[in-house]
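**Q** The structure that follows is given in the form of structure tokens.
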Amino acid sequence: MLADVSGTGRLLRRPELDALRELGERAAEAGWGLRELIGLYLGETRRLWGSLPGIARAPSAAAAARTDDALLGAVDAAISALGEGHERAQHLAVRQEEAARREFIDDLLYGRSDLGRLAERAERFGLRLAGSHAVAVAEGDEPYDDVHPVVRRVERELIARFGEHDVLLTTKDGRLVCVAASSERVILDAFAKYAERPGTGHLGARWVAVGREHPGAGGVVLSYEEALGALGLAERLELQGPVLHAGDLLVFPVLLRDRAAMSDLVRTVLGPLTTSRGGAGPLLETLTACAVAGYVNAEAARRLKISVRTLSYRLERIKTLTGYDPGDALQRFTLETAAMGARLLGWPQEPL
């Protein structure tokens, strides 16, 4: 091709450029790097240059210069075509790898694949599912995707500290997910730290929920579901975050397991609060604030942004309407349980 260009001064033809693109693709598939590939072609060009007909037989310096220009143009076009084909193959490989990774993650988190086959695929992505794993899920004010700056920041910090062995970082449904072996619990602690405080200019996660450790591939699914359940409870109960451990929240799924009994408790104990002026909402908030403050009235009033006198009035109204005294330990427990159930059920906004 170079010999023909040196003799005619022509441009490279489309079939030649297409062939070079195909060669670039094949080189990438065979494992040649782009720098190596370009080095080979430029080295061969340099070796041949002086023996090309248009150079060796040039009648004058001006003719040689014109031939040099034509050859450099051809080499430029050839290298561009090689690079284009090489990059095309690389992009295709990345897309295929990402598709395979995304399919694996879906199967892993939802348990939709044969466990033996899943364990084999997991090794490719750095996980050994024979041991126990736990899953942490971070949720922010905006959805996370693979190119979100917070995701990149967390990924960079985790890889720098722990490498890529027995840990998997991904995004799912707008959340950031980390799967780590139970022996590497420090990884989940670091994940929670970086997700909560990703650095200047980035908003940290609202909540980071950590599921319990479970063995095998099915254990990843259980831990992931526990973490999602903890996020759901955090939303409904307005729990203080940002880090929530599913093991600390086991009482809530137990309470919800018998919804009929919980509805009956809420209706019986707290139903009379709906007759209060302003509805049940402010009195429910009062019960919750008192529980969080350990029934220190000054602290509860500060949280509610009301006076201690107003707080005392509300507590007296609760006692009068419900018949349960917040000052009595056993009756207080009944009120707190009913208030917790009300928040889980969305009452009074949602009918029981």
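Simple scheme: letters A, B, ... for chains in structure tokens order, numbers from 1 for residues in each chain, numbers from 1 for ligands in the order shown.
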Excluding Leu71 in chain A and any residue of its chain fewer than 5 positions from it, enumerate the residues within 9 Å of it, using only C-alpha atoms, and give them as number ranges by chain.
**A** A: 2, 5-6, 9-11, 49, 66, 76
**Q** So that I can see what lies close to Ala138 in chain A, please list as a list of chain:residue names the residues with an atom at most 8 Å from it, counting only C-alpha atoms and leaving out residues fewer than 3 positions away in the same chain.
**A**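 Listing them by chain and then by number gives A:Arg175, A:Leu176, A:Val177, A:Ala192, A:Ala195, A:Ala205, A:Arg206, A:Trp207, A:Val208, A:Ala209.
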**Q** What lies within 12 Å of Asn297 in chain A using only C-alpha atoms, ignoring chain neighbours under 5 positions off, as JSON, numbers by chain?
**A** {"A": [286, 287, 289, 290, 291, 292, 302, 303, 304, 305, 306, 307, 308, 309, 310, 311, 312, 313, 314, 315, 326, 327]}
**Q** Point out the residue among A:Gly278, A:Asp68, A:Gly50, A:Glu25 with the least atom-to-atom distance to His91 in chain A, counting only C-alpha atoms.
**A**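 Looking at the shortest contact to His91 in chain A, the residue is A:Glu25.
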**Q** Out of A:Pro59, A:Gly39, A:Gly24, A:Gly111, which residue has the shortest atom-to-atom distance to Glu225 in chain A when counting only C-alpha atoms?
**A**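 The answer is A:Gly111, which sits nearest to Glu225 in chain A.
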**Q** Check the DSSP output for the backbone and give back, as a short mmCIF file (atom, residue, chain, number, x, y, z; two decimals) with all heavy atoms, in the first residue's frame, the residues of range 292-351 of chain A in helix (DSSP H, G or I).
**A**
data_model
loop_
_atom_site.label_atom_id
_atom_site.label_comp_id
_atom_site.auth_asym_id
_atom_site.auth_seq_id
_atom_site.Cartn_x
_atom_site.Cartn_y
_atom_site.Cartn_z
N VAL A 292 -37.47 9.31 72.69
CA VAL A 292 -36.11 9.55 72.22
C VAL A 292 -35.30 10.30 73.28
O VAL A 292 -34.10 10.04 73.47
CB VAL A 292 -36.13 10.33 70.89
CG1 VAL A 292 -34.72 10.76 70.51
CG2 VAL A 292 -36.75 9.50 69.80
N ASN A 297 -38.14 15.98 80.12
CA ASN A 297 -39.09 16.91 79.50
C ASN A 297 -38.42 18.09 78.80
O ASN A 297 -38.84 18.50 77.72
CB ASN A 297 -40.08 17.43 80.56
CG ASN A 297 -41.13 16.40 80.92
OD1 ASN A 297 -41.07 15.26 80.44
ND2 ASN A 297 -42.08 16.76 81.77
N ALA A 298 -37.36 18.61 79.41
CA ALA A 298 -36.69 19.77 78.80
C ALA A 298 -36.10 19.38 77.44
O ALA A 298 -36.20 20.14 76.46
CB ALA A 298 -35.61 20.30 79.72
N GLU A 299 -35.49 18.19 77.34
CA GLU A 299 -34.89 17.75 76.08
C GLU A 299 -35.98 17.46 75.05
O GLU A 299 -35.84 17.80 73.87
CB GLU A 299 -34.04 16.50 76.32
CG GLU A 299 -33.49 15.86 75.06
CD GLU A 299 -32.58 16.78 74.26
OE1 GLU A 299 -32.08 17.79 74.81
OE2 GLU A 299 -32.36 16.48 73.06
N ALA A 300 -37.08 16.83 75.50
CA ALA A 300 -38.18 16.53 74.57
C ALA A 300 -38.79 17.82 74.04
O ALA A 300 -39.11 17.93 72.85
CB ALA A 300 -39.23 15.68 75.26
N ALA A 301 -38.96 18.80 74.91
CA ALA A 301 -39.53 20.09 74.48
C ALA A 301 -38.60 20.77 73.48
O ALA A 301 -39.06 21.38 72.50
CB ALA A 301 -39.75 20.98 75.70
N ARG A 302 -37.29 20.67 73.72
CA ARG A 302 -36.34 21.27 72.78
C ARG A 302 -36.44 20.62 71.42
O ARG A 302 -36.42 21.30 70.38
CB ARG A 302 -34.92 21.12 73.33
CG ARG A 302 -33.86 21.83 72.50
CD ARG A 302 -32.46 21.46 72.94
NE ARG A 302 -32.18 20.05 72.67
CZ ARG A 302 -31.84 19.58 71.48
NH1 ARG A 302 -31.77 20.39 70.42
NH2 ARG A 302 -31.59 18.30 71.31
N ARG A 303 -36.57 19.29 71.37
CA ARG A 303 -36.69 18.59 70.10
C ARG A 303 -37.97 18.99 69.37
O ARG A 303 -37.98 19.08 68.14
CB ARG A 303 -36.69 17.08 70.33
CG ARG A 303 -35.35 16.51 70.75
CD ARG A 303 -35.43 15.04 71.10
NE ARG A 303 -34.13 14.48 71.44
CZ ARG A 303 -33.28 13.97 70.56
NH1 ARG A 303 -33.62 13.91 69.28
NH2 ARG A 303 -32.11 13.49 70.93
N LEU A 304 -39.04 19.21 70.12
CA LEU A 304 -40.32 19.58 69.50
C LEU A 304 -40.44 21.08 69.24
O LEU A 304 -41.40 21.52 68.59
CB LEU A 304 -41.47 19.14 70.41
CG LEU A 304 -41.69 17.62 70.55
CD1 LEU A 304 -42.64 17.32 71.70
CD2 LEU A 304 -42.22 17.04 69.25
N VAL A 308 -41.73 23.69 77.84
CA VAL A 308 -41.93 22.56 78.75
C VAL A 308 -43.38 22.54 79.24
O VAL A 308 -43.98 21.47 79.42
CB VAL A 308 -40.95 22.63 79.93
CG1 VAL A 308 -41.25 21.54 80.96
CG2 VAL A 308 -39.51 22.52 79.44
N ARG A 309 -43.96 23.72 79.41
CA ARG A 309 -45.36 23.80 79.86
C ARG A 309 -46.29 23.19 78.82
O ARG A 309 -47.22 22.44 79.17
CB ARG A 309 -45.72 25.27 80.12
CG ARG A 309 -47.13 25.48 80.63
CD ARG A 309 -47.36 26.95 80.93
NE ARG A 309 -48.73 27.17 81.41
CZ ARG A 309 -49.22 28.35 81.75
NH1 ARG A 309 -48.42 29.42 81.69
NH2 ARG A 309 -50.46 28.47 82.17
N THR A 310 -46.04 23.51 77.53
CA THR A 310 -46.87 22.93 76.47
C THR A 310 -46.69 21.42 76.40
O THR A 310 -47.65 20.67 76.21
CB THR A 310 -46.49 23.56 75.11
OG1 THR A 310 -46.69 24.97 75.17
CG2 THR A 310 -47.34 22.97 73.99
N LEU A 311 -45.47 20.96 76.61
CA LEU A 311 -45.22 19.53 76.62
C LEU A 311 -46.00 18.85 77.73
O LEU A 311 -46.63 17.79 77.53
CB LEU A 311 -43.73 19.27 76.78
CG LEU A 311 -43.34 17.79 76.84
CD1 LEU A 311 -43.40 17.16 75.45
CD2 LEU A 311 -41.96 17.60 77.44
N SER A 312 -45.97 19.43 78.91
CA SER A 312 -46.70 18.84 80.04
C SER A 312 -48.19 18.80 79.76
O SER A 312 -48.87 17.81 80.11
CB SER A 312 -46.43 19.66 81.31
OG SER A 312 -45.04 19.66 81.63
N TYR A 313 -48.70 19.84 79.12
CA TYR A 313 -50.13 19.85 78.76
C TYR A 313 -50.45 18.71 77.80
O TYR A 313 -51.46 18.02 77.95
CB TYR A 313 -50.48 21.20 78.14
CG TYR A 313 -51.86 21.23 77.50
CD1 TYR A 313 -53.01 21.31 78.28
CD2 TYR A 313 -51.99 21.14 76.11
CE1 TYR A 313 -54.26 21.31 77.68
CE2 TYR A 313 -53.24 21.14 75.51
CZ TYR A 313 -54.37 21.22 76.31
OH TYR A 313 -55.62 21.21 75.72
N ARG A 314 -49.58 18.51 76.81
CA ARG A 314 -49.84 17.44 75.84
C ARG A 314 -49.81 16.06 76.51
O ARG A 314 -50.63 15.19 76.21
CB ARG A 314 -48.79 17.48 74.73
CG ARG A 314 -48.94 18.65 73.77
CD ARG A 314 -47.97 18.50 72.60
NE ARG A 314 -48.05 19.60 71.65
CZ ARG A 314 -47.33 19.68 70.54
NH1 ARG A 314 -46.46 18.73 70.26
NH2 ARG A 314 -47.46 20.71 69.73
N LEU A 315 -48.86 15.85 77.40
CA LEU A 315 -48.79 14.57 78.10
C LEU A 315 -50.04 14.33 78.94
O LEU A 315 -50.55 13.20 79.04
CB LEU A 315 -47.53 14.51 78.99
CG LEU A 315 -46.20 14.46 78.25
CD1 LEU A 315 -45.04 14.54 79.22
CD2 LEU A 315 -46.09 13.19 77.41
N GLU A 316 -50.54 15.39 79.53
CA GLU A 316 -51.77 15.25 80.31
C GLU A 316 -52.96 14.94 79.41
O GLU A 316 -53.84 14.15 79.78
CB GLU A 316 -52.01 16.56 81.10
CG GLU A 316 -53.14 16.47 82.12
CD GLU A 316 -52.86 15.42 83.19
OE1 GLU A 316 -51.69 15.23 83.56
OE2 GLU A 316 -53.85 14.78 83.65
N ARG A 317 -52.97 15.54 78.21
CA ARG A 317 -54.05 15.25 77.26
C ARG A 317 -53.99 13.79 76.81
O ARG A 317 -55.02 13.13 76.67
CB ARG A 317 -53.93 16.15 76.03
CG ARG A 317 -54.32 17.58 76.25
CD ARG A 317 -55.81 17.72 76.54
NE ARG A 317 -56.62 17.36 75.36
CZ ARG A 317 -57.90 17.02 75.43
NH1 ARG A 317 -58.51 16.92 76.61
NH2 ARG A 317 -58.58 16.75 74.32
N ILE A 318 -52.79 13.28 76.58
CA ILE A 318 -52.63 11.87 76.20
C ILE A 318 -53.19 10.98 77.30
O ILE A 318 -53.93 10.01 77.03
CB ILE A 318 -51.15 11.55 75.93
CG1 ILE A 318 -50.67 12.26 74.66
CG2 ILE A 318 -50.92 10.04 75.81
CD1 ILE A 318 -49.17 12.20 74.44
N LYS A 319 -52.87 11.28 78.54
CA LYS A 319 -53.36 10.48 79.67
C LYS A 319 -54.88 10.54 79.76
O LYS A 319 -55.54 9.51 79.96
CB LYS A 319 -52.72 10.99 80.95
CG LYS A 319 -53.20 10.27 82.21
CD LYS A 319 -52.52 10.86 83.44
CE LYS A 319 -53.06 10.20 84.71
NZ LYS A 319 -52.43 10.80 85.93
N THR A 320 -55.44 11.74 79.58
CA THR A 320 -56.89 11.90 79.69
C THR A 320 -57.63 11.17 78.58
O THR A 320 -58.64 10.49 78.82
CB THR A 320 -57.25 13.40 79.65
OG1 THR A 320 -56.60 14.06 80.75
CG2 THR A 320 -58.75 13.60 79.75
N LEU A 321 -57.14 11.31 77.33
CA LEU A 321 -57.85 10.74 76.19
C LEU A 321 -57.70 9.22 76.11
O LEU A 321 -58.65 8.51 75.75
CB LEU A 321 -57.35 11.37 74.89
CG LEU A 321 -57.71 12.85 74.68
CD1 LEU A 321 -56.97 13.41 73.47
CD2 LEU A 321 -59.21 13.01 74.49
N THR A 322 -56.51 8.71 76.40
CA THR A 322 -56.25 7.27 76.21
C THR A 322 -56.45 6.45 77.48
O THR A 322 -56.69 5.24 77.40
CB THR A 322 -54.81 7.04 75.72
OG1 THR A 322 -53.89 7.42 76.75
CG2 THR A 322 -54.53 7.83 74.46
N ALA A 329 -44.37 3.27 84.08
CA ALA A 329 -43.45 2.53 83.21
C ALA A 329 -44.17 1.55 82.29
O ALA A 329 -43.89 1.49 81.09
CB ALA A 329 -42.42 1.80 84.07
N LEU A 330 -45.11 0.74 82.84
CA LEU A 330 -45.78 -0.26 82.02
C LEU A 330 -46.72 0.40 81.01
O LEU A 330 -46.73 0.01 79.84
CB LEU A 330 -46.58 -1.22 82.92
CG LEU A 330 -47.31 -2.35 82.19
CD1 LEU A 330 -46.34 -3.20 81.39
CD2 LEU A 330 -48.08 -3.23 83.19
N GLN A 331 -47.47 1.39 81.46
CA GLN A 331 -48.39 2.08 80.54
C GLN A 331 -47.61 2.87 79.49
O GLN A 331 -48.05 3.01 78.35
CB GLN A 331 -49.33 2.98 81.33
CG GLN A 331 -50.27 2.20 82.26
CD GLN A 331 -51.25 3.09 82.97
OE1 GLN A 331 -51.58 4.18 82.51
NE2 GLN A 331 -51.75 2.62 84.12
N ARG A 332 -46.45 3.38 79.89
CA ARG A 332 -45.60 4.09 78.94
C ARG A 332 -45.14 3.14 77.83
O ARG A 332 -45.11 3.50 76.65
CB ARG A 332 -44.38 4.65 79.66
CG ARG A 332 -43.36 5.33 78.77
CD ARG A 332 -42.07 5.57 79.52
NE ARG A 332 -42.29 6.35 80.72
CZ ARG A 332 -41.40 6.49 81.70
NH1 ARG A 332 -40.22 5.87 81.61
NH2 ARG A 332 -41.66 7.22 82.76
N PHE A 333 -44.79 1.90 78.22
CA PHE A 333 -44.36 0.91 77.22
C PHE A 333 -45.48 0.63 76.23
O PHE A 333 -45.24 0.52 75.02
CB PHE A 333 -43.94 -0.38 77.92
CG PHE A 333 -43.59 -1.50 76.98
CD1 PHE A 333 -42.39 -1.49 76.29
CD2 PHE A 333 -44.48 -2.55 76.77
CE1 PHE A 333 -42.07 -2.52 75.41
CE2 PHE A 333 -44.17 -3.57 75.90
CZ PHE A 333 -42.96 -3.56 75.21
N THR A 334 -46.72 0.53 76.73
CA THR A 334 -47.86 0.29 75.84
C THR A 334 -48.04 1.45 74.87
O THR A 334 -48.25 1.26 73.67
CB THR A 334 -49.14 0.09 76.66
OG1 THR A 334 -48.95 -1.02 77.55
CG2 THR A 334 -50.33 -0.20 75.75
N LEU A 335 -47.93 2.67 75.40
CA LEU A 335 -48.06 3.85 74.54
C LEU A 335 -46.95 3.90 73.48
O LEU A 335 -47.21 4.19 72.31
CB LEU A 335 -48.01 5.12 75.39
CG LEU A 335 -49.27 5.47 76.18
CD1 LEU A 335 -48.97 6.57 77.19
CD2 LEU A 335 -50.41 5.89 75.25
N GLU A 336 -45.71 3.61 73.89
CA GLU A 336 -44.60 3.64 72.95
C GLU A 336 -44.75 2.59 71.85
O GLU A 336 -44.50 2.85 70.67
CB GLU A 336 -43.28 3.42 73.69
CG GLU A 336 -42.83 4.60 74.53
CD GLU A 336 -41.52 4.31 75.23
OE1 GLU A 336 -40.91 3.25 74.94
OE2 GLU A 336 -41.10 5.13 76.05
N THR A 337 -45.16 1.38 72.24
CA THR A 337 -45.36 0.31 71.26
C THR A 337 -46.45 0.68 70.27
O THR A 337 -46.31 0.48 69.06
CB THR A 337 -45.70 -1.01 71.97
OG1 THR A 337 -44.70 -1.31 72.94
CG2 THR A 337 -45.80 -2.14 70.97
N ALA A 338 -47.55 1.24 70.81
CA ALA A 338 -48.65 1.64 69.93
C ALA A 338 -48.21 2.77 69.00
O ALA A 338 -48.54 2.79 67.81
CB ALA A 338 -49.86 2.08 70.76
N ALA A 339 -47.42 3.73 69.52
CA ALA A 339 -46.94 4.83 68.68
C ALA A 339 -45.99 4.32 67.59
O ALA A 339 -46.04 4.77 66.43
CB ALA A 339 -46.23 5.87 69.55
N MET A 340 -45.15 3.36 67.96
CA MET A 340 -44.26 2.77 66.98
C MET A 340 -45.06 2.06 65.88
O MET A 340 -44.79 2.19 64.69
CB MET A 340 -43.33 1.76 67.67
CG MET A 340 -42.22 1.23 66.81
SD MET A 340 -41.27 -0.03 67.72
CE MET A 340 -40.75 0.91 69.15
N GLY A 341 -46.09 1.31 66.31
CA GLY A 341 -46.95 0.63 65.34
C GLY A 341 -47.68 1.62 64.44
O GLY A 341 -47.84 1.37 63.24
N ALA A 342 -48.09 2.76 65.00
CA ALA A 342 -48.78 3.77 64.20
C ALA A 342 -47.88 4.29 63.09
O ALA A 342 -48.31 4.47 61.94
CB ALA A 342 -49.24 4.91 65.10
N ARG A 343 -46.62 4.51 63.42
CA ARG A 343 -45.69 5.01 62.40
C ARG A 343 -45.40 3.95 61.36
O ARG A 343 -45.27 4.24 60.17
CB ARG A 343 -44.41 5.48 63.07
CG ARG A 343 -44.63 6.67 63.99
CD ARG A 343 -43.39 7.04 64.74
NE ARG A 343 -42.38 7.63 63.84
CZ ARG A 343 -41.19 8.03 64.25
NH1 ARG A 343 -40.86 7.89 65.53
NH2 ARG A 343 -40.33 8.56 63.40
N LEU A 344 -45.29 2.70 61.79
CA LEU A 344 -45.08 1.62 60.83
C LEU A 344 -46.24 1.47 59.87
O LEU A 344 -46.08 1.17 58.70
CB LEU A 344 -44.85 0.29 61.57
CG LEU A 344 -43.49 0.13 62.28
CD1 LEU A 344 -43.51 -1.08 63.18
CD2 LEU A 344 -42.36 0.01 61.27
N LEU A 345 -47.44 1.68 60.39
CA LEU A 345 -48.66 1.52 59.57
C LEU A 345 -49.07 2.79 58.84
O LEU A 345 -50.02 2.79 58.06
CB LEU A 345 -49.82 1.04 60.46
CG LEU A 345 -49.63 -0.33 61.13
CD1 LEU A 345 -50.73 -0.57 62.16
CD2 LEU A 345 -49.62 -1.45 60.10
#
**Q** Under the rule that only C-alpha atoms are counted, which of A:Val251, A:Ala293, A:Ile79, A:Ala180 is the nearest residue to Ser223 in chain A?
**A**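 The answer is A:Ala180, which sits nearest to Ser223 in chain A.
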**Q** Just to confirm, what's the straight-line distance from CA of Asp141 in chain A to CA of Tyr224 in chain A in Å (one decimal)?
**A** 20.1 Å
**Q** So how many Å separate CA of Leu168 in chain A and CA of Glu87 in chain A, to one decimal?
**A**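 CA of Leu168 in chain A sits 26.9 Å away from CA of Glu87 in chain A.
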**Q** Would you kindly return, as number ranges by chain, each protein, DNA or RNA residue with an atom no farther than 10 Å from any atom of Leu109 in chain A, considering only C-alpha atoms and excluding same-chain residues fewer than 2 positions away?
**A** A: 104-107, 111-112, 135, 172, 177, 179, 217-225
**Q** Considering only C-alpha atoms, can you say which of A:Arg21, A:Arg102, A:Arg121, A:Arg26 comes closest to Gly85 in chain A?
**A** A:Arg21
